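Structure file upload-v1.cif; described as mmCIF, C-alpha atoms and all ligand atoms.
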data_data
loop_
_atom_site.label_atom_id
_atom_site.label_comp_id
_atom_site.auth_asym_id
_atom_site.auth_seq_id
_atom_site.Cartn_x
_atom_site.Cartn_y
_atom_site.Cartn_z
CA MET A 790 99.57 120.14 125.12
CA ARG A 791 99.81 118.17 121.85
CA THR A 792 97.95 119.61 118.83
CA ILE A 793 96.25 117.13 116.51
CA LEU A 794 95.01 118.36 113.14
CA VAL A 795 92.05 116.20 112.09
CA THR A 796 91.05 116.48 108.42
CA GLY A 797 87.46 115.38 107.78
CA GLY A 798 86.72 116.01 111.46
CA ALA A 799 83.09 116.96 110.74
CA GLY A 800 82.38 113.56 109.13
CA PHE A 801 81.19 110.32 110.69
CA ILE A 802 84.50 108.83 111.87
CA GLY A 803 86.39 112.14 112.10
CA SER A 804 83.83 113.58 114.51
CA ALA A 805 84.10 110.42 116.67
CA VAL A 806 87.89 110.92 116.75
CA VAL A 807 87.47 114.58 117.77
CA ARG A 808 84.91 113.73 120.48
CA HIS A 809 87.36 111.07 121.75
CA ILE A 810 90.29 113.52 121.81
CA ILE A 811 88.39 116.25 123.66
CA ARG A 812 86.64 113.93 126.13
CA ASN A 813 89.41 111.45 126.92
CA THR A 814 92.75 113.21 126.42
CA THR A 815 94.41 116.56 127.15
CA ASP A 816 95.27 117.17 123.47
CA ARG A 817 93.93 119.96 121.27
CA ALA A 818 91.90 119.00 118.17
CA VAL A 819 91.93 121.27 115.13
CA VAL A 820 89.30 120.22 112.59
CA VAL A 821 90.06 120.93 108.92
CA ASP A 822 86.95 120.23 106.85
CA LYS A 823 85.46 121.54 103.62
CA LEU A 824 81.93 120.73 104.86
CA THR A 825 80.70 118.77 101.87
CA TYR A 826 77.24 117.19 102.16
CA ALA A 827 78.89 114.66 104.55
CA GLY A 828 80.31 117.26 106.93
CA ASN A 829 77.99 118.10 109.80
CA LEU A 830 78.97 120.54 112.55
CA ASN A 831 76.08 119.23 114.68
CA SER A 832 78.18 116.08 115.18
CA LEU A 833 80.77 118.25 116.96
CA THR A 834 78.46 120.29 119.21
CA PRO A 835 79.03 117.92 122.18
CA VAL A 836 82.68 119.14 122.31
CA SER A 837 82.83 122.38 120.33
CA ASP A 838 82.67 124.56 123.48
CA SER A 839 86.02 123.22 124.63
CA ASP A 840 88.97 125.64 124.48
CA ARG A 841 90.96 122.67 123.09
CA PHE A 842 88.71 122.58 120.00
CA ALA A 843 89.13 124.62 116.82
CA PHE A 844 87.46 124.49 113.40
CA GLU A 845 88.75 125.63 110.01
CA GLN A 846 86.58 125.36 106.91
CA VAL A 847 89.27 124.40 104.42
CA ASP A 848 89.40 122.23 101.29
CA ILE A 849 92.39 119.86 101.43
CA CYS A 850 92.99 120.62 97.73
CA ASP A 851 93.73 124.26 98.67
CA ARG A 852 97.46 124.38 99.35
CA ALA A 853 97.61 128.04 100.42
CA ALA A 854 94.83 127.53 102.98
CA LEU A 855 96.55 124.40 104.31
CA ASP A 856 99.90 126.21 104.64
CA ASP A 857 98.13 128.90 106.64
CA VAL A 858 96.51 126.32 108.97
CA PHE A 859 99.86 124.54 109.56
CA ALA A 860 101.57 127.87 110.29
CA ARG A 861 98.90 129.07 112.73
CA TYR A 862 98.30 125.85 114.68
CA GLN A 863 101.77 124.17 114.51
CA PRO A 864 100.38 120.61 114.77
CA ASP A 865 102.34 117.74 116.32
CA VAL A 866 100.15 115.11 114.61
CA VAL A 867 98.00 115.04 111.47
CA MET A 868 95.14 112.53 111.31
CA HIS A 869 93.90 112.51 107.72
CA LEU A 870 90.27 111.38 107.37
CA ALA A 871 88.92 113.87 104.81
CA ALA A 872 87.60 111.93 101.83
CA GLU A 873 84.70 111.27 99.58
CA SER A 874 83.54 108.03 101.17
CA HIS A 875 80.34 106.65 99.60
CA VAL A 876 80.84 103.83 97.06
CA ASP A 877 77.52 104.41 95.24
CA ARG A 878 78.34 108.10 94.74
CA SER A 879 81.76 107.12 93.33
CA ILE A 880 80.05 105.00 90.68
CA ASP A 881 77.68 107.84 89.69
CA GLY A 882 80.36 110.56 89.75
CA PRO A 883 84.00 109.52 90.25
CA ALA A 884 85.53 112.99 89.66
CA ALA A 885 85.13 114.27 93.23
CA PHE A 886 86.75 111.05 94.52
CA ILE A 887 89.84 111.52 92.36
CA GLU A 888 90.00 115.20 93.32
CA THR A 889 89.67 114.88 97.10
CA ASN A 890 91.06 111.41 97.78
CA ILE A 891 94.05 111.57 95.44
CA VAL A 892 94.78 115.24 94.63
CA GLY A 893 93.67 116.34 98.12
CA THR A 894 95.88 113.75 99.84
CA TYR A 895 98.81 114.79 97.63
CA THR A 896 98.22 118.47 98.48
CA LEU A 897 98.00 117.72 102.21
CA LEU A 898 101.18 115.59 102.07
CA GLU A 899 103.04 118.45 100.39
CA ALA A 900 101.79 121.01 102.93
CA ALA A 901 102.76 118.64 105.77
CA ARG A 902 106.19 117.93 104.25
CA HIS A 903 107.09 121.60 103.87
CA TYR A 904 105.89 122.37 107.40
CA TRP A 905 107.77 119.33 108.80
CA ASN A 906 110.99 120.19 106.93
CA ALA A 907 111.10 123.58 108.62
CA LEU A 908 110.62 122.24 112.18
CA ALA A 909 113.42 122.21 114.74
CA ALA A 910 115.13 118.79 115.08
CA GLU A 911 113.26 117.68 118.21
CA GLU A 912 109.81 118.62 116.87
CA LYS A 913 110.69 117.13 113.50
CA ALA A 914 111.48 113.79 115.13
CA ALA A 915 108.19 113.81 117.05
CA PHE A 916 105.90 114.77 114.12
CA ARG A 917 103.50 112.11 112.74
CA PHE A 918 101.18 111.95 109.72
CA HIS A 919 98.47 109.29 110.08
CA HIS A 920 96.49 108.38 106.96
CA ILE A 921 93.13 106.69 107.56
CA SER A 922 92.02 104.21 104.91
CA THR A 923 89.71 101.31 104.22
CA ASP A 924 89.90 97.53 103.78
CA GLU A 925 88.15 98.02 100.42
CA VAL A 926 91.60 98.70 98.85
CA PHE A 927 92.25 94.93 99.11
CA GLY A 928 89.29 94.04 96.87
CA ASP A 929 87.17 90.95 97.22
CA LEU A 930 87.75 87.81 99.31
CA HIS A 931 85.25 85.88 97.13
CA GLY A 932 83.66 84.09 100.03
CA THR A 933 86.86 82.24 101.01
CA ASP A 934 88.02 81.87 104.61
CA ASP A 935 90.96 84.24 104.09
CA PHE A 936 91.45 87.51 105.96
CA PHE A 937 93.07 90.76 104.85
CA THR A 938 96.44 91.28 106.53
CA GLU A 939 98.81 94.26 106.31
CA THR A 940 100.62 92.52 103.42
CA THR A 941 97.58 91.59 101.29
CA PRO A 942 98.12 92.97 97.74
CA TYR A 943 95.91 95.86 96.67
CA ALA A 944 93.07 95.02 94.21
CA PRO A 945 90.43 97.77 94.49
CA SER A 946 87.10 97.28 92.67
CA SER A 947 85.25 100.62 92.80
CA PRO A 948 86.24 104.21 91.94
CA TYR A 949 86.07 104.88 95.72
CA SER A 950 88.42 102.06 96.71
CA ALA A 951 90.76 102.77 93.76
CA SER A 952 91.03 106.42 94.84
CA LYS A 953 91.74 105.36 98.44
CA ALA A 954 94.35 102.86 97.18
CA GLY A 955 95.98 105.71 95.24
CA SER A 956 96.08 107.85 98.37
CA ASP A 957 97.62 105.01 100.44
CA HIS A 958 100.40 104.63 97.84
CA LEU A 959 101.09 108.37 97.87
CA VAL A 960 101.45 108.35 101.66
CA ARG A 961 103.93 105.43 101.54
CA ALA A 962 105.88 107.17 98.74
CA TRP A 963 106.19 110.34 100.86
CA LEU A 964 107.61 108.19 103.67
CA ARG A 965 110.06 106.34 101.44
CA THR A 966 111.13 109.26 99.24
CA TYR A 967 111.04 112.23 101.61
CA GLY A 968 111.21 110.51 105.00
CA LEU A 969 107.91 112.05 106.17
CA PRO A 970 106.97 110.03 109.31
CA THR A 971 103.71 108.42 108.20
CA LEU A 972 101.40 105.67 109.46
CA VAL A 973 98.52 104.02 107.57
CA THR A 974 95.48 102.22 108.94
CA ASN A 975 93.00 100.16 106.90
CA CYS A 976 89.68 99.53 108.60
CA SER A 977 86.52 97.55 107.96
CA ASN A 978 82.96 98.97 107.77
CA ASN A 979 82.09 101.31 110.62
CA TYR A 980 78.67 101.88 112.18
CA GLY A 981 77.34 103.86 115.13
CA PRO A 982 76.03 107.29 116.16
CA TYR A 983 76.15 110.32 113.79
CA HIS A 984 76.31 108.09 110.65
CA PHE A 985 74.97 109.84 107.53
CA PRO A 986 71.63 108.26 106.58
CA GLU A 987 72.77 107.21 103.08
CA LYS A 988 74.77 104.34 104.65
CA LEU A 989 73.25 100.87 105.17
CA ILE A 990 72.56 100.78 108.92
CA PRO A 991 71.12 104.31 109.48
CA LEU A 992 69.23 104.09 106.17
CA MET A 993 67.50 100.90 107.32
CA ILE A 994 66.69 102.27 110.79
CA LEU A 995 65.20 105.51 109.48
CA ASN A 996 63.32 103.88 106.58
CA ALA A 997 61.83 101.28 108.93
CA LEU A 998 60.68 103.98 111.38
CA ALA A 999 59.03 105.80 108.44
CA GLY A 1000 57.42 102.60 107.05
CA LYS A 1001 59.47 102.92 103.84
CA PRO A 1002 61.02 99.99 101.87
CA LEU A 1003 64.33 98.57 103.17
CA PRO A 1004 66.38 98.23 99.94
CA VAL A 1005 68.84 95.30 99.97
CA TYR A 1006 71.33 94.96 97.08
CA GLY A 1007 71.15 91.70 95.06
CA ASN A 1008 70.47 88.71 97.32
CA GLY A 1009 71.93 90.40 100.41
CA GLN A 1010 74.61 87.72 100.83
CA GLN A 1011 77.55 90.18 100.71
CA ILE A 1012 79.68 89.88 103.86
CA ARG A 1013 81.10 92.88 105.71
CA ASP A 1014 83.18 93.01 108.89
CA TRP A 1015 81.57 95.62 111.18
CA LEU A 1016 83.28 97.83 113.76
CA TYR A 1017 81.60 100.24 116.19
CA VAL A 1018 82.83 103.75 115.35
CA GLU A 1019 83.95 104.59 118.90
CA ASP A 1020 86.15 101.47 118.94
CA HIS A 1021 87.66 102.68 115.66
CA ALA A 1022 88.23 106.21 117.03
CA ARG A 1023 90.08 104.74 120.03
CA ALA A 1024 92.22 102.57 117.73
CA LEU A 1025 93.03 105.56 115.50
CA TYR A 1026 94.14 107.72 118.42
CA LEU A 1027 96.33 104.87 119.67
CA VAL A 1028 97.99 104.42 116.27
CA ALA A 1029 98.41 108.19 115.75
CA THR A 1030 100.10 108.66 119.12
CA GLU A 1031 101.79 105.30 119.85
CA GLY A 1032 102.03 103.41 116.53
CA GLN A 1033 105.40 102.77 114.90
CA CYS A 1034 106.06 105.28 112.10
CA GLY A 1035 106.33 103.62 108.70
CA GLU A 1036 103.94 100.84 109.74
CA THR A 1037 100.47 99.87 108.56
CA TYR A 1038 97.81 98.54 110.93
CA ASN A 1039 94.60 96.75 109.96
CA ILE A 1040 91.61 97.50 112.20
CA GLY A 1041 88.49 95.34 112.39
CA GLY A 1042 85.90 94.04 114.78
CA HIS A 1043 85.78 90.27 114.06
CA ASN A 1044 82.12 90.80 113.21
CA GLU A 1045 81.45 89.30 109.81
CA GLN A 1046 77.80 89.64 108.85
CA LYS A 1047 75.80 89.15 105.67
CA ASN A 1048 74.05 92.39 104.68
CA LEU A 1049 70.64 90.68 104.80
CA ASP A 1050 71.33 89.40 108.33
CA VAL A 1051 72.24 92.94 109.43
CA VAL A 1052 68.90 94.21 108.13
CA MET A 1053 66.98 91.35 109.79
CA THR A 1054 68.75 91.95 113.13
CA LEU A 1055 67.88 95.64 112.91
CA CYS A 1056 64.22 94.72 112.30
CA ASP A 1057 64.28 92.45 115.40
CA LEU A 1058 65.77 95.26 117.51
CA LEU A 1059 63.15 97.71 116.26
CA GLU A 1060 60.33 95.22 117.02
CA GLU A 1061 61.61 95.20 120.61
CA LEU A 1062 62.40 98.91 121.02
CA VAL A 1063 59.62 100.45 118.88
CA PRO A 1064 56.68 98.01 118.94
CA GLN A 1065 54.33 100.80 117.75
CA LYS A 1066 54.90 100.50 113.99
CA PRO A 1067 53.96 102.94 111.21
CA ASP A 1068 50.41 102.67 109.82
CA GLY A 1069 49.87 99.58 107.65
CA VAL A 1070 53.06 97.82 108.80
CA ALA A 1071 52.56 94.57 110.75
CA HIS A 1072 56.27 93.59 110.93
CA TYR A 1073 59.35 95.64 110.01
CA LYS A 1074 60.74 92.65 108.05
CA GLU A 1075 57.92 92.92 105.49
CA LEU A 1076 59.55 96.20 104.35
CA VAL A 1077 62.66 94.37 103.04
CA THR A 1078 62.90 94.87 99.24
CA PHE A 1079 65.59 93.32 97.04
CA VAL A 1080 66.99 95.80 94.46
CA THR A 1081 69.41 95.45 91.51
CA ASP A 1082 72.93 94.78 92.79
CA ARG A 1083 75.64 97.47 92.70
CA PRO A 1084 78.02 96.99 89.72
CA GLY A 1085 81.36 95.49 90.80
CA HIS A 1086 79.97 94.71 94.28
CA ASP A 1087 82.60 92.86 96.36
CA LEU A 1088 81.27 89.73 98.03
CA ARG A 1089 83.34 89.52 101.19
CA TYR A 1090 85.66 91.70 103.27
CA ALA A 1091 87.22 90.42 106.51
CA ILE A 1092 90.08 91.87 108.53
CA ASP A 1093 92.85 90.19 110.48
CA ALA A 1094 93.42 92.79 113.23
CA SER A 1095 95.94 90.73 115.22
CA LYS A 1096 98.84 93.17 114.64
CA ILE A 1097 97.21 96.17 116.34
CA GLU A 1098 95.91 93.88 119.10
CA ARG A 1099 99.37 92.39 119.71
CA GLU A 1100 101.51 95.51 119.29
CA LEU A 1101 99.29 98.25 120.71
CA GLY A 1102 96.98 96.25 122.98
CA TRP A 1103 93.80 97.48 121.25
CA ARG A 1104 90.57 95.44 121.43
CA PRO A 1105 87.06 96.46 120.40
CA ALA A 1106 84.85 97.07 123.44
CA GLU A 1107 81.57 96.41 121.61
CA THR A 1108 80.27 93.19 120.12
CA PHE A 1109 78.09 93.57 117.03
CA GLU A 1110 75.00 92.90 119.18
CA SER A 1111 75.86 95.51 121.85
CA GLY A 1112 77.01 98.08 119.27
CA LEU A 1113 73.96 97.68 117.08
CA ARG A 1114 71.61 98.03 120.05
CA LYS A 1115 73.44 101.23 121.13
CA THR A 1116 73.21 102.54 117.56
CA VAL A 1117 69.46 101.95 117.21
CA GLN A 1118 68.89 103.53 120.62
CA TRP A 1119 71.04 106.54 119.61
CA TYR A 1120 68.90 107.17 116.51
CA LEU A 1121 65.75 106.85 118.63
CA ASP A 1122 67.13 109.36 121.16
CA ASN A 1123 68.58 111.84 118.61
CA GLU A 1124 65.78 112.62 116.22
CA ALA A 1125 66.85 116.27 116.03
CA TRP A 1126 70.25 115.28 114.56
CA TRP A 1127 68.92 113.06 111.77
CA LYS A 1128 65.83 115.14 111.01
CA GLN A 1129 68.12 118.10 110.25
CA VAL A 1130 70.09 115.85 107.90
CA LEU A 1131 66.97 114.55 106.17
CA ASP A 1132 65.46 118.03 105.66
CA GLY A 1133 68.83 119.58 104.71
CA SER A 1134 68.79 122.18 107.49
CA TYR A 1135 72.06 120.80 109.01
CA GLN A 1136 73.84 122.66 106.23
CA GLY A 1137 72.45 125.95 107.48
CA GLU A 1138 74.51 125.45 110.66
CA ARG A 1139 77.59 126.22 108.58
CA LEU A 1140 76.66 129.84 108.26
CA GLY A 1141 77.10 130.43 111.98
CA LEU A 1142 80.77 129.49 111.95
CA LYS A 1143 82.26 131.11 108.89
P1 LIG B 1 82.40 110.90 105.80
O1 LIG B 1 81.98 110.94 104.37
O2 LIG B 1 81.36 110.75 106.86
O3 LIG B 1 83.22 112.22 106.16
C1 LIG B 1 84.18 112.77 105.30
C2 LIG B 1 84.48 114.18 105.77
O4 LIG B 1 85.49 114.73 104.91
C3 LIG B 1 83.28 115.13 105.72
O5 LIG B 1 83.20 115.88 106.92
C4 LIG B 1 83.57 116.03 104.53
O6 LIG B 1 83.02 117.32 104.66
C5 LIG B 1 85.09 116.05 104.54
N1 LIG B 1 85.67 116.35 103.22
C6 LIG B 1 85.32 115.78 102.02
N2 LIG B 1 86.05 116.34 101.03
C7 LIG B 1 86.88 117.25 101.60
C8 LIG B 1 87.87 118.12 101.12
N3 LIG B 1 88.16 118.20 99.81
N4 LIG B 1 88.54 118.91 101.99
C9 LIG B 1 88.26 118.85 103.32
N5 LIG B 1 87.31 118.07 103.84
C10 LIG B 1 86.63 117.26 103.00
O7 LIG B 1 83.47 109.73 105.88
P2 LIG B 1 83.78 108.72 107.08
O8 LIG B 1 82.88 107.56 106.97
O9 LIG B 1 83.86 109.47 108.35
O10 LIG B 1 85.24 108.23 106.67
C11 LIG B 1 86.40 108.95 107.10
C12 LIG B 1 87.63 108.27 106.53
O11 LIG B 1 87.70 106.92 106.97
C13 LIG B 1 87.66 108.23 105.00
O12 LIG B 1 88.97 108.47 104.57
C14 LIG B 1 87.23 106.81 104.66
O13 LIG B 1 87.82 106.39 103.45
C15 LIG B 1 87.80 106.04 105.85
N6 LIG B 1 87.06 104.80 106.21
C16 LIG B 1 85.71 104.81 106.36
C17 LIG B 1 85.06 103.64 106.75
C18 LIG B 1 83.56 103.61 106.99
O14 LIG B 1 83.00 102.52 107.19
N7 LIG B 1 82.87 104.74 106.99
C19 LIG B 1 85.78 102.48 106.96
C20 LIG B 1 87.17 102.52 106.79
C21 LIG B 1 87.80 103.70 106.43
#
Written as structure tokens, how would this file's structure read?
Ligand code: NAD
Amino acid sequence: MRTILVTGGAGFIGSAVVRHIIRNTTDRAVVVDKLTYAGNLNSLTPVSDSDRFAFEQVDICDRAALDDVFARYQPDVVMHLAAESHVDRSIDGPAAFIETNIVGTYTLLEAARHYWNALAAEEKAAFRFHHISTDEVFGDLHGTDDFFTETTPYAPSSPYSASKAGSDHLVRAWLRTYGLPTLVTNCSNNYGPYHFPEKLIPLMILNALAGKPLPVYGNGQQIRDWLYVEDHARALYLVATEGQCGETYNIGGHNEQKNLDVVMTLCDLLEELVPQKPDGVAHYKELVTFVTDRPGHDLRYAIDASKIERELGWRPAETFESGLRKTVQWYLDNEAWWKQVLDGSYQGERLGLK
């Protein structure tokens, strides 16, 4: 049985990776997560009863705690997703982004390198460190028809994307300098179940259901390339287990959408699925409110994912239409999950485990 250590496994994408590992493979998943505001153990309850699941509440900046986890679990693969991930928060308070995304990635790389160095030759050759990153490191496509490829130069715009760019460079340096077998993936915007309600799609769904304004930055013409989170989790597992060490893979869904169009499509879906609207609301679309744009807001991101499609045979299963419908339905069916996030009680769940 292969052991996969998943940092950030209680977050949005990390928990999708862990659910994928437990449900669809015979591997063991060891979650390493500090449980910041973004970590939610309720997102792991569907699989946490498995004897192939383990959880460790550890900060990736804590080298001694990481050394202990590596020694006890002897992982074959590390999938590194732990990060501060919200662009708006990085503008208000960049320090945590530098600490976790850069210092934390450095600390994890060092713990992994010392563990890997001490492995027997066969295990050493099989070990893999997979770093999960974003297409935001490439900066802004300025509305052109270009796509980000694996060789697009880095030009990050926000403290978040700059800190992720820094972490990507560290990972490549540990490969080149120390020979640590690493892989990097850069992915477009994810959406789907268990997404923290500060992010665009869940925020709009939950605000609309509550009859609250739907805040759209600037004129809403920013373009993002959307990928359903379970398609991303499948791609990540494929890269972590079958990708070529030393390589980078871009992951995206070929689903470029203007932010305003995403919000309008969500309103149409809600009209169909929840025709009974909150008091005083005739149409969900009337809740759309334009707000001051985010400073440094990139206009367009779009991914060329042909390398992972060609070399590893990965394709997204969901279209934007099918994925968005599933997502809205998931929020309608899982009120308990998001109500505990909105009232803060999801954090109380931590006490049971530590
Ligand atoms: P998230 O914010 O939902 O989850 C991050 C997780 O990391 C949380 O569980 C949090 O508790 C944990 N964490 C934060 N700081 C930590 C620390 N110091 N030590 C240990 N754990 C810590 O993020 P997400 O959306 O799931 O993103 C996961 C990864 O994927 C990130 O690296 C992000 O940059 C990348 N990514 C995200 C997207 C997206 O659209 N969400 C797209 C491409 C890439």
Find the residues near Asn890 in chain A: any atom within 10 Å, counting only C-alpha atoms, skip ones fewer than 3 places away on the same chain, and give them as a PyMOL selection string.
chain A and resi 849-850+870-874+884-887+893-895+949-957
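Taking CA of Leu1049 in chain A and CA of Arg1013 in chain A as the two end points, the separation is 10.7 Å.
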Would you mind telling me which residue in A:Ile1040, A:Ile793, A:Ile810, A:Ile994 lies nearest to ligand LIG 1 (chain B) when using all atoms listed in the file?
A:Ile1040
Name the closest residue to ligand LIG 1 (chain B) among the candidates A:Asp881, A:Glu845, A:Asp1057, A:Glu1075; distances are taken between atoms, counting all atoms listed in the file.
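Of all the options, A:Glu845 lies closest to ligand LIG 1 (chain B).
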When distances are computed from only C-alpha atoms and all ligand atoms, which of A:Tyr1026, A:Tyr983, A:Phe936, A:Tyr943 shows the smallest separation from ligand LIG 1 (chain B)?
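Comparing A:Tyr1026, A:Tyr983, A:Phe936, A:Tyr943 against ligand LIG 1 (chain B), the winner is A:Tyr983.
Shortest atom-to-atom contact with Val960 in chain A among A:Asp856, A:Glu899, A:Asp1087, A:Asp1082: A:Glu899, counting all atoms listed in the file.
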Once you count only C-alpha atoms and all ligand atoms, which residues end up within 6 Å of ligand LIG 1 (chain B), and could you hand them over as a PyMOL selection string?
chain A and resi 797-803+822-825+827-828+847-850+870-874+889+921-923+976-979
Using only C-alpha atoms, what residues lie at most 12 Å away from (70.9, 98.0, 112.8) (file coordinates), given as a ChimeraX atom specification?
/A:979-982,984,988-998,1003,1015,1017,1046,1048-1060,1062,1109-1121
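CA of Thr1037 in chain A is found 18.8 Å from CA of Asp935 in chain A.
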Which of these, A:Arg1089, A:Arg961, A:Phe985, A:Val795, has the shortest distance to Ser832 in chain A once you count all atoms listed in the file?
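When distances to Ser832 in chain A are compared using all atoms listed in the file, the smallest one comes from A:Phe985.
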For CA of Ala915 in chain A and CA of Asp865 in chain A, determine how far apart the two atoms are, in Å to one decimal place.
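Interatomic distance, CA of Ala915 in chain A to CA of Asp865 in chain A: 7.1 Å.
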Kindly indicate which residue among A:Glu1100, A:His920, A:His869, A:Val821 lies nearest to Gln846 in chain A, using only C-alpha atoms for the distances.
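Among the listed residues, the smallest separation from Gln846 in chain A belongs to A:Val821.
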Shell around range 1132-1134 of chain A at 12 Å using all atoms listed in the file, local window under 2 positions removed, as a PyMOL selection string
chain A and resi 826-831+985-986+1124-1130+1136-1140
Contacts of Gly1041 in chain A at 10 Å or less, counting all atoms listed in the file, minus same-chain residues fewer than 6 places along, as an mmCIF file with C-alpha atoms, in the coordinates of the input?
data_model
loop_
_atom_site.group_PDB
_atom_site.id
_atom_site.type_symbol
_atom_site.label_atom_id
_atom_site.label_comp_id
_atom_site.auth_asym_id
_atom_site.auth_seq_id
_atom_site.Cartn_x
_atom_site.Cartn_y
_atom_site.Cartn_z
ATOM 1 C CA ASP A 924 89.900 97.530 103.780
ATOM 2 C CA PHE A 937 93.070 90.760 104.850
ATOM 3 C CA ASN A 975 93.000 100.160 106.900
ATOM 4 C CA CYS A 976 89.680 99.530 108.600
ATOM 5 C CA SER A 977 86.520 97.550 107.960
ATOM 6 C CA ASN A 978 82.960 98.970 107.770
ATOM 7 C CA ASN A 979 82.090 101.310 110.620
ATOM 8 C CA ASP A 1014 83.180 93.010 108.890
ATOM 9 C CA TRP A 1015 81.570 95.620 111.180
ATOM 10 C CA LEU A 1016 83.280 97.830 113.760
ATOM 11 C CA TYR A 1017 81.600 100.240 116.190
ATOM 12 C CA ASP A 1020 86.150 101.470 118.940
ATOM 13 C CA HIS A 1021 87.660 102.680 115.660
ATOM 14 C CA ALA A 1024 92.220 102.570 117.730
ATOM 15 C CA ALA A 1091 87.220 90.420 106.510
ATOM 16 C CA ILE A 1092 90.080 91.870 108.530
ATOM 17 C CA ASP A 1093 92.850 90.190 110.480
ATOM 18 C CA ALA A 1094 93.420 92.790 113.230
ATOM 19 C CA SER A 1095 95.940 90.730 115.220
ATOM 20 C CA ILE A 1097 97.210 96.170 116.340
ATOM 21 C CA ARG A 1104 90.570 95.440 121.430
ATOM 22 C CA PRO A 1105 87.060 96.460 120.400
#
Could you check which residues have any atom within 10 Å of (73.3, 89.0, 98.8), counting only C-alpha atoms with coordinates taken straight from the file, and then list them as number ranges by chain?
A: 1005-1012, 1047-1050, 1079, 1082, 1086, 1088
All residues 9 Å or closer to Phe918 in chain A, all atoms listed in the file, same chain fewer than 4 positions away omitted, as JSON, numbers by chain
{"A": [865, 866, 867, 868, 869, 898, 901, 960, 969, 970, 971, 972, 973, 1029, 1034]}
